[in-house]
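Participant: As input, take run.pdb (PDB, C-alpha atoms, pLDDT in the B column):
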ATOM      1  CA  SER L   1      24.529  24.476   2.692  1.00 35.00           C
ATOM      2  CA  GLN L   2      24.891  20.708   2.564  1.00 43.00           C
ATOM      3  CA  LEU L   3      22.317  18.196   1.408  1.00 50.00           C
ATOM      4  CA  GLY L   4      21.823  15.049   3.425  1.00 49.00           C
ATOM      5  CA  TYR L   5      22.189  11.565   2.054  1.00 51.00           C
ATOM      6  CA  MET L   6      19.146  10.564   0.034  1.00 51.00           C
ATOM      7  CA  CYS L   7      18.082   8.348  -2.868  1.00 60.00           C
ATOM      8  CA  PHE L   8      16.211   9.092  -6.054  1.00 67.00           C
ATOM      9  CA  ASN L   9      12.494   8.379  -6.118  1.00 70.00           C
ATOM     10  CA  ALA L  10      11.118   5.109  -7.477  1.00 75.00           C
ATOM     11  CA  ALA L  11      10.576   6.366 -11.028  1.00 78.00           C
ATOM     12  CA  LYS L  12      14.066   7.840 -11.332  1.00 79.00           C
ATOM     13  CA  THR L  13      15.644   4.760  -9.729  1.00 77.00           C
ATOM     14  CA  TRP L  14      13.935   2.551 -12.330  1.00 78.00           C
ATOM     15  CA  GLN L  15      15.043   4.866 -15.119  1.00 78.00           C
ATOM     16  CA  LEU L  16      18.670   4.716 -13.957  1.00 77.00           C
ATOM     17  CA  GLY L  17      18.614   0.908 -13.945  1.00 80.00           C
ATOM     18  CA  TRP L  18      20.759   0.527 -10.836  1.00 80.00           C
ATOM     19  CA  PHE L  19      19.057  -2.554  -9.347  1.00 79.00           C
ATOM     20  CA  PRO L  20      17.641  -4.520 -12.319  1.00 81.00           C
ATOM     21  CA  ASN L  21      17.666  -7.852 -10.470  1.00 84.00           C
ATOM     22  CA  LYS L  22      15.327  -6.325  -7.857  1.00 85.00           C
ATOM     23  CA  TYR L  23      12.914  -4.661 -10.290  1.00 90.00           C
ATOM     24  CA  ASN L  24       9.430  -6.070 -10.854  1.00 90.00           C
ATOM     25  CA  THR L  25       6.771  -5.223 -13.424  1.00 92.00           C
ATOM     26  CA  TYR L  26       3.067  -5.661 -12.757  1.00 92.00           C
ATOM     27  CA  ASN L  27       0.137  -5.189 -15.136  1.00 92.00           C
ATOM     28  CA  PRO L  28      -3.105  -5.068 -13.094  1.00 93.00           C
ATOM     29  CA  VAL L  29      -5.391  -5.585 -16.103  1.00 90.00           C
ATOM     30  CA  GLU L  30      -3.584  -8.798 -17.075  1.00 90.00           C
ATOM     31  CA  ILE L  31      -2.649 -10.167 -13.639  1.00 87.00           C
ATOM     32  CA  GLY L  32      -5.300  -8.755 -11.287  1.00 86.00           C
ATOM     33  CA  SER L  33      -3.477  -8.623  -7.951  1.00 91.00           C
ATOM     34  CA  TRP L  34       0.068  -8.452  -6.589  1.00 94.00           C
ATOM     35  CA  LYS L  35       1.526  -9.011  -3.129  1.00 94.00           C
ATOM     36  CA  GLY L  36       5.144  -8.632  -2.170  1.00 94.00           C
ATOM     37  CA  LYS L  37       7.876  -7.201   0.021  1.00 93.00           C
ATOM     38  CA  LEU L  38       9.353  -3.826  -0.873  1.00 92.00           C
ATOM     39  CA  ILE L  39      12.809  -2.990   0.439  1.00 86.00           C
ATOM     40  CA  GLY L  40      14.787   0.211   0.295  1.00 85.00           C
ATOM     41  CA  PRO L  41      18.051   0.418  -1.672  1.00 80.00           C
ATOM     42  CA  THR L  42      19.902   0.540   1.654  1.00 73.00           C
ATOM     43  CA  ASP L  43      18.892  -3.091   2.360  1.00 74.00           C
ATOM     44  CA  LEU L  44      19.828  -4.458  -1.051  1.00 71.00           C
ATOM     45  CA  LEU L  45      22.791  -6.512   0.165  1.00 72.00           C
ATOM     46  CA  GLU L  46      20.686  -8.136   2.898  1.00 75.00           C
ATOM     47  CA  ALA L  47      17.815  -9.126   0.597  1.00 74.00           C
ATOM     48  CA  GLU L  48      19.012 -12.288  -1.082  1.00 79.00           C
ATOM     49  CA  GLY L  49      15.636 -13.883  -1.750  1.00 76.00           C
ATOM     50  CA  SER L  50      13.643 -13.363  -4.933  1.00 82.00           C
ATOM     51  CA  GLU L  51      10.611 -12.249  -2.897  1.00 87.00           C
ATOM     52  CA  TYR L  52      12.146  -8.805  -2.302  1.00 92.00           C
ATOM     53  CA  THR L  53      11.600  -5.876  -4.683  1.00 90.00           C
ATOM     54  CA  VAL L  54      13.323  -2.493  -4.717  1.00 89.00           C
ATOM     55  CA  VAL L  55      11.108  -0.871  -7.364  1.00 89.00           C
ATOM     56  CA  LEU L  56       7.739  -2.089  -8.600  1.00 94.00           C
ATOM     57  CA  LYS L  57       6.536  -0.675 -11.911  1.00 93.00           C
ATOM     58  CA  ILE L  58       2.782  -0.712 -12.524  1.00 93.00           C
ATOM     59  CA  GLU L  59       2.273  -0.664 -16.272  1.00 89.00           C
ATOM     60  CA  ARG L  60      -0.493   1.290 -17.933  1.00 87.00           C
ATOM     61  CA  LYS L  61      -1.671   1.682 -21.498  1.00 82.00           C
ATOM     62  CA  SER L  62      -1.520   5.436 -21.068  1.00 78.00           C
ATOM     63  CA  GLU L  63       1.710   7.407 -21.130  1.00 78.00           C
ATOM     64  CA  ILE L  64       1.909   7.581 -17.336  1.00 86.00           C
ATOM     65  CA  ASN L  65       3.165   4.559 -15.359  1.00 90.00           C
ATOM     66  CA  LEU L  66       3.235   4.123 -11.580  1.00 93.00           C
ATOM     67  CA  PHE L  67       6.284   3.200  -9.481  1.00 93.00           C
ATOM     68  CA  LEU L  68       6.535   2.042  -5.860  1.00 94.00           C
ATOM     69  CA  MET L  69       9.523   1.955  -3.512  1.00 89.00           C
ATOM     70  CA  TYR L  70      10.028   1.647   0.260  1.00 90.00           C
ATOM     71  CA  ASN L  71      11.761   4.847   1.319  1.00 86.00           C
ATOM     72  CA  ARG L  72      13.685   3.351   4.255  1.00 74.00           C
ATOM     73  CA  GLN L  73      15.349   6.208   6.134  1.00 67.00           C
ATOM     74  CA  GLU L  74      18.780   4.893   7.054  1.00 64.00           C
ATOM     75  CA  ASP L  75      22.412   4.724   5.923  1.00 62.00           C
ATOM     76  CA  PHE L  76      22.907   6.511   2.584  1.00 61.00           C
ATOM     77  CA  ASN L  77      19.210   7.468   2.574  1.00 61.00           C
ATOM     78  CA  SER L  78      19.205   8.902   6.097  1.00 66.00           C
ATOM     79  CA  GLY L  79      18.731  12.458   4.832  1.00 62.00           C
ATOM     80  CA  THR L  80      15.515  11.843   2.927  1.00 65.00           C
ATOM     81  CA  THR L  81      13.157  14.775   3.423  1.00 64.00           C
ATOM     82  CA  GLU L  82       9.828  13.331   2.310  1.00 75.00           C
ATOM     83  CA  GLY L  83       8.036  10.150   3.289  1.00 69.00           C
ATOM     84  CA  GLY L  84      10.762   8.607   5.409  1.00 72.00           C
ATOM     85  CA  ASN L  85      10.059   4.926   6.272  1.00 85.00           C
ATOM     86  CA  LYS L  86       6.989   4.926   4.046  1.00 91.00           C
ATOM     87  CA  VAL L  87       6.120   3.503   0.652  1.00 94.00           C
ATOM     88  CA  LEU L  88       6.221   6.207  -2.010  1.00 92.00           C
ATOM     89  CA  VAL L  89       3.977   5.987  -5.061  1.00 95.00           C
ATOM     90  CA  ASN L  90       5.292   8.000  -8.010  1.00 90.00           C
ATOM     91  CA  SER L  91       3.909   8.525 -11.485  1.00 90.00           C
ATOM     92  CA  GLN L  92       6.121   9.183 -14.496  1.00 87.00           C
ATOM     93  CA  SER L  93       5.281  10.059 -18.079  1.00 82.00           C
ATOM     94  CA  TYR L  94       7.365   9.094 -21.079  1.00 76.00           C
ATOM     95  CA  ASN L  95       9.028  12.524 -21.077  1.00 74.00           C
ATOM     96  CA  GLY L  96      10.729  11.636 -17.782  1.00 76.00           C
ATOM     97  CA  MET L  97       8.758  13.975 -15.521  1.00 81.00           C
ATOM     98  CA  SER L  98       7.685  12.324 -12.270  1.00 83.00           C
ATOM     99  CA  ASP L  99       5.205  13.263  -9.544  1.00 88.00           C
ATOM    100  CA  LEU L 100       4.565  11.995  -6.042  1.00 90.00           C
ATOM    101  CA  GLU L 101       1.105  10.430  -5.826  1.00 93.00           C
ATOM    102  CA  ALA L 102       1.129   9.184  -2.219  1.00 93.00           C
ATOM    103  CA  THR L 103       3.196   8.381   0.871  1.00 92.00           C
ATOM    104  CA  LEU L 104       1.781   5.266   2.530  1.00 95.00           C
ATOM    105  CA  GLY L 105       2.418   3.931   6.014  1.00 95.00           C
ATOM    106  CA  PRO L 106       1.033   0.730   7.593  1.00 95.00           C
ATOM    107  CA  GLY L 107      -2.725   0.534   7.043  1.00 95.00           C
ATOM    108  CA  ASP L 108      -2.749   3.310   4.411  1.00 96.00           C
ATOM    109  CA  GLU L 109      -3.968   2.924   0.854  1.00 95.00           C
ATOM    110  CA  ILE L 110      -4.498   4.905  -2.336  1.00 95.00           C
ATOM    111  CA  VAL L 111      -7.243   4.211  -4.870  1.00 95.00           C
ATOM    112  CA  PHE L 112      -7.119   4.940  -8.604  1.00 94.00           C
ATOM    113  CA  PRO L 113     -10.767   4.851  -9.763  1.00 94.00           C
ATOM    114  CA  ASP L 114     -11.751   3.070 -12.987  1.00 93.00           C
ATOM    115  CA  PHE L 115      -8.166   2.036 -13.681  1.00 92.00           C
ATOM    116  CA  GLU L 116      -7.429   1.958 -17.406  1.00 90.00           C
ATOM    117  CA  GLY L 117     -11.140   2.115 -18.156  1.00 89.00           C
ATOM    118  CA  SER L 118     -11.639  -1.330 -16.620  1.00 89.00           C
ATOM    119  CA  GLY L 119     -14.572  -0.239 -14.488  1.00 92.00           C
ATOM    120  CA  LYS L 120     -12.609  -1.390 -11.432  1.00 93.00           C
ATOM    121  CA  ASP L 121     -10.560   0.589  -8.919  1.00 95.00           C
ATOM    122  CA  LEU L 122      -6.856  -0.056  -8.482  1.00 95.00           C
ATOM    123  CA  ILE L 123      -6.116  -0.265  -4.750  1.00 96.00           C
ATOM    124  CA  ILE L 124      -2.555   0.022  -3.420  1.00 96.00           C
ATOM    125  CA  GLN L 125      -2.278  -0.842   0.256  1.00 96.00           C
ATOM    126  CA  VAL L 126       0.613  -1.012   2.713  1.00 96.00           C
ATOM    127  CA  ARG L 127      -0.289  -3.693   5.213  1.00 95.00           C
ATOM    128  CA  GLN L 128       2.737  -3.753   7.519  1.00 94.00           C
ATOM    129  CA  THR L 129       6.360  -2.684   7.791  1.00 92.00           C
ATOM    130  CA  PHE L 130       9.025  -4.826   9.436  1.00 91.00           C
ATOM    131  CA  ASP L 131      12.410  -3.998  10.957  1.00 89.00           C
ATOM    132  CA  GLY L 132      14.867  -6.808  10.439  1.00 87.00           C
ATOM    133  CA  THR L 133      17.379  -8.202   8.003  1.00 88.00           C
ATOM    134  CA  PRO L 134      16.254  -6.765   5.669  1.00 89.00           C
ATOM    135  CA  ASP L 135      13.718  -4.077   6.605  1.00 87.00           C
ATOM    136  CA  TYR L 136      10.716  -4.265   4.309  1.00 91.00           C
ATOM    137  CA  ALA L 137       7.140  -3.156   3.695  1.00 93.00           C
ATOM    138  CA  ASN L 138       4.416  -5.706   3.016  1.00 96.00           C
ATOM    139  CA  VAL L 139       2.374  -4.350   0.088  1.00 96.00           C
ATOM    140  CA  ALA L 140      -0.806  -5.604  -1.566  1.00 96.00           C
ATOM    141  CA  ILE L 141      -2.285  -4.303  -4.823  1.00 96.00           C
ATOM    142  CA  SER L 142      -5.568  -5.331  -6.374  1.00 94.00           C
ATOM    143  CA  LEU L 143      -7.734  -4.401  -9.328  1.00 93.00           C
ATOM    144  CA  GLY L 144     -11.150  -4.555  -7.758  1.00 86.00           C
ATOM    145  CA  GLN L 145     -11.858  -5.997  -4.315  1.00 79.00           C
ATOM    146  CA  MET L 146      -8.831  -6.316  -2.046  1.00 77.00           C
ATOM    147  CA  PRO L 147      -8.241  -9.864  -0.746  1.00 69.00           C
ATOM    148  CA  SER L 148      -8.303 -10.437   3.003  1.00 66.00           C
ATOM    149  CA  SER L 149      -5.121  -9.374   4.759  1.00 59.00           C
ATOM    150  CA  GLY L 150      -5.445 -11.557   7.856  1.00 53.00           C
ATOM    151  CA  THR L 151      -4.656  -9.349  10.858  1.00 43.00           C
ATOM    152  CA  PRO L 152      -4.591  -5.641   9.869  1.00 43.00           C
ATOM    153  CA  THR L 153      -2.320  -3.168  11.629  1.00 41.00           C
ATOM    154  CA  LYS L 154      -5.102  -0.595  11.767  1.00 46.00           C
ATOM    155  CA  ALA L 155      -8.841  -1.048  12.145  1.00 40.00           C
ATOM    156  CA  PRO L 156     -10.337  -0.710   8.646  1.00 41.00           C
ATOM    157  CA  ILE L 157     -12.828   2.086   8.060  1.00 37.00           C
ATOM    158  CA  PRO L 158     -15.641   0.643   5.902  1.00 43.00           C
ATOM    159  CA  VAL L 159     -17.105   2.963   3.299  1.00 40.00           C
ATOM    160  CA  PRO L 160     -20.487   1.836   1.879  1.00 42.00           C
ATOM    161  CA  THR L 161     -20.503   1.751  -1.910  1.00 46.00           C
ATOM    162  CA  ASN L 162     -23.886   0.271  -2.840  1.00 49.00           C
ATOM    163  CA  SER L 163     -26.334   0.196   0.082  1.00 44.00           C
ATOM    164  CA  PRO L 164     -25.387   2.844   2.678  1.00 45.00           C
ATOM    165  CA  ILE L 165     -26.378   2.235   6.269  1.00 43.00           C
ATOM    166  CA  THR L 166     -29.170   4.653   7.207  1.00 43.00           C
ATOM    167  CA  SER L 167     -29.068   4.082  10.963  1.00 45.00           C
ATOM    168  CA  SER L 168     -26.507   2.967  13.478  1.00 44.00           C
ATOM    169  CA  PRO L 169     -26.909   0.886  16.656  1.00 43.00           C
ATOM    170  CA  THR L 170     -27.373   2.751  19.922  1.00 44.00           C
ATOM    171  CA  ARG L 171     -25.031   0.387  21.769  1.00 43.00           C
ATOM    172  CA  THR L 172     -21.523  -0.777  20.871  1.00 41.00           C
ATOM    173  CA  LEU L 173     -21.261  -4.478  20.087  1.00 38.00           C
ATOM    174  CA  THR L 174     -18.698  -6.083  22.373  1.00 43.00           C
ATOM    175  CA  LEU L 175     -18.036  -9.171  20.218  1.00 42.00           C
ATOM    176  CA  PRO L 176     -17.768  -8.181  16.533  1.00 44.00           C
ATOM    177  CA  PRO L 177     -18.158 -11.020  13.997  1.00 47.00           C
ATOM    178  CA  SER L 178     -15.066 -12.450  12.321  1.00 45.00           C
ATOM    179  CA  ASN L 179     -15.587 -10.609   9.045  1.00 47.00           C
ATOM    180  CA  GLY L 180     -15.442  -7.175  10.704  1.00 46.00           C
ATOM    181  CA  PHE L 181     -19.060  -6.171  10.023  1.00 43.00           C
ATOM    182  CA  PRO L 182     -22.191  -6.842  12.154  1.00 45.00           C
ATOM    183  CA  THR L 183     -24.605  -9.272  10.494  1.00 41.00           C
ATOM    184  CA  THR L 184     -27.585  -7.859  12.408  1.00 45.00           C
ATOM    185  CA  LEU L 185     -28.090  -4.592  14.210  1.00 42.00           C
ATOM    186  CA  PRO L 186     -29.833  -4.279  17.621  1.00 44.00           C
ATOM    187  CA  THR L 187     -33.228  -2.679  17.084  1.00 46.00           C
ATOM    188  CA  SER L 188     -34.556  -2.075  20.595  1.00 46.00           C
ATOM    189  CA  ALA L 189     -33.795  -2.429  24.283  1.00 46.00           C
ATOM    190  CA  PRO L 190     -35.068  -5.522  26.193  1.00 47.00           C
ATOM    191  CA  VAL L 191     -38.851  -5.465  26.640  1.00 46.00           C
ATOM    192  CA  ASN L 192     -39.045  -6.705  30.226  1.00 51.00           C
ATOM    193  CA  THR L 193     -37.064  -5.387  33.167  1.00 46.00           C
ATOM    194  CA  PRO L 194     -36.983  -6.878  36.707  1.00 47.00           C
ATOM    195  CA  THR L 195     -39.291  -5.170  39.195  1.00 47.00           C
ATOM    196  CA  THR L 196     -37.765  -6.628  42.362  1.00 47.00           C
ATOM    197  CA  LEU L 197     -34.350  -7.737  43.427  1.00 47.00           C
ATOM    198  CA  SER L 198     -33.973 -11.279  44.849  1.00 40.00           C
TER
END
Starting from the file, lay out its structure as structure tokens.

Facilitator:
Amino acid sequence: SQLGYMCFNAAKTWQLGWFPNKYNTYNPVEIGSWKGKLIGPTDLLEAEGSEYTVVLKIERKSEINLFLMYNRQEDFNSGTTEGGNKVLVNSQSYNGMSDLEATLGPGDEIVFPDFEGSGKDLIIQVRQTFDGTPDYANVAISLGQMPSSGTPTKAPIPVPTNSPITSSPTRTLTLPPSNGFPTTLPTSAPVNTPTTLS
């Protein structure tokens, strides 16, 4: 049998050192948040700007680091069998063993609770993917609350963390407020109704 064309995962690609000028290192505890454009190795020649990253390494004090790469399914990576056209999050220990933590498409995220004992969650979110020259994925990472993304590609699903909502409105609001959450909830139907038609 023949294997299709495919690239190594993010951790192995970093270890091989093939694209050092497109590698980035990020320490969430020291920096807080990171935003950038991830490209696949197939778009390397088209990504001349410094804003493009092939592999992002998220450093940890523990022996297991995290690595991100956009697994663009084209050209010499057209035969990839897992997570095509998605951002892959891999973990790798110092012994070289790597594991797939997540495959993220637009609007998806993965959360690492209490990252490095900081008491804050590390949130990795893919906001959008773009086809162009080059193709890239717009990625945001934050330790703690995620900054506003502007216009999301998917409607966010709020999960209450402190004060859960005990009741929901009986009618759908037609004009949601700008921050995505209702400031007040309707409590009852109108008191008076017309008795005659004019």

Participant: As a ChimeraX atom specification, please: the residues near segment 53-66 of chain L (cut-off 9 Å, only C-alpha atoms, same-chain neighbours under 2 positions excluded).

Facilitator: /L:10-11,13-14,19-29,36-41,44,47,50-51,68-70,89-95,101,115-116

Participant: Padding of 3 Å on every side, edges along x, y and z, all listed atoms of segment 53-57 of chain L included: what centre and edge lengths in Å, to one decimal, does that box have, as lines of an AutoDock Vina configuration file?

Facilitator:
center_x = 9.9
center_y = -3.3
center_z = -8.3
size_x = 12.8
size_y = 11.2
size_z = 13.2

Participant: What does the distance from atom CA of Gly17 of chain L to atom CA of Phe67 of chain L come to in Å, to one decimal?

Facilitator: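 If I compute the distance from atom CA of Gly17 of chain L to atom CA of Phe67 of chain L, I get 13.3 Å.
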
Participant: So how many Å separate atom CA of Ala102 of chain L and atom CA of Leu143 of chain L, to one decimal?

Facilitator: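 One can read the atom CA of Ala102 of chain L to atom CA of Leu143 of chain L distance as 17.7 Å.
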
Participant: Assuming the chain letters and numbering stay as they are in my file, what does the PyMOL selection byres ((chain L and resi 130-132) around 10) actually select? List them as an MDAnalysis selection string.

Facilitator: chainID L and resid 37 39 43 46 106 128:129 133:138

Participant: Please measure the separation of atom CA of Ser118 of chain L and atom CA of Met146 of chain L, giving the value in Å to one decimal.

Facilitator: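 Taking atom CA of Ser118 of chain L as the start and atom CA of Met146 of chain L as the end point, the length is 15.7 Å.
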
Participant: Of the candidates L:Gly49, L:Gly144, L:Gly105, L:Gly84, which one gets nearest to Gly119 of chain L if we count all atoms listed in the file?

Facilitator: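 The closest residue to Gly119 of chain L is L:Gly144.
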
Participant: With distances taken over only C-alpha atoms, which residue among L:Gln15, L:Lys120, L:Val87, L:Gly96 lies nearest Asp108 of chain L?

Facilitator: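 Using only C-alpha atoms, the shortest distance to Asp108 of chain L belongs to L:Val87.
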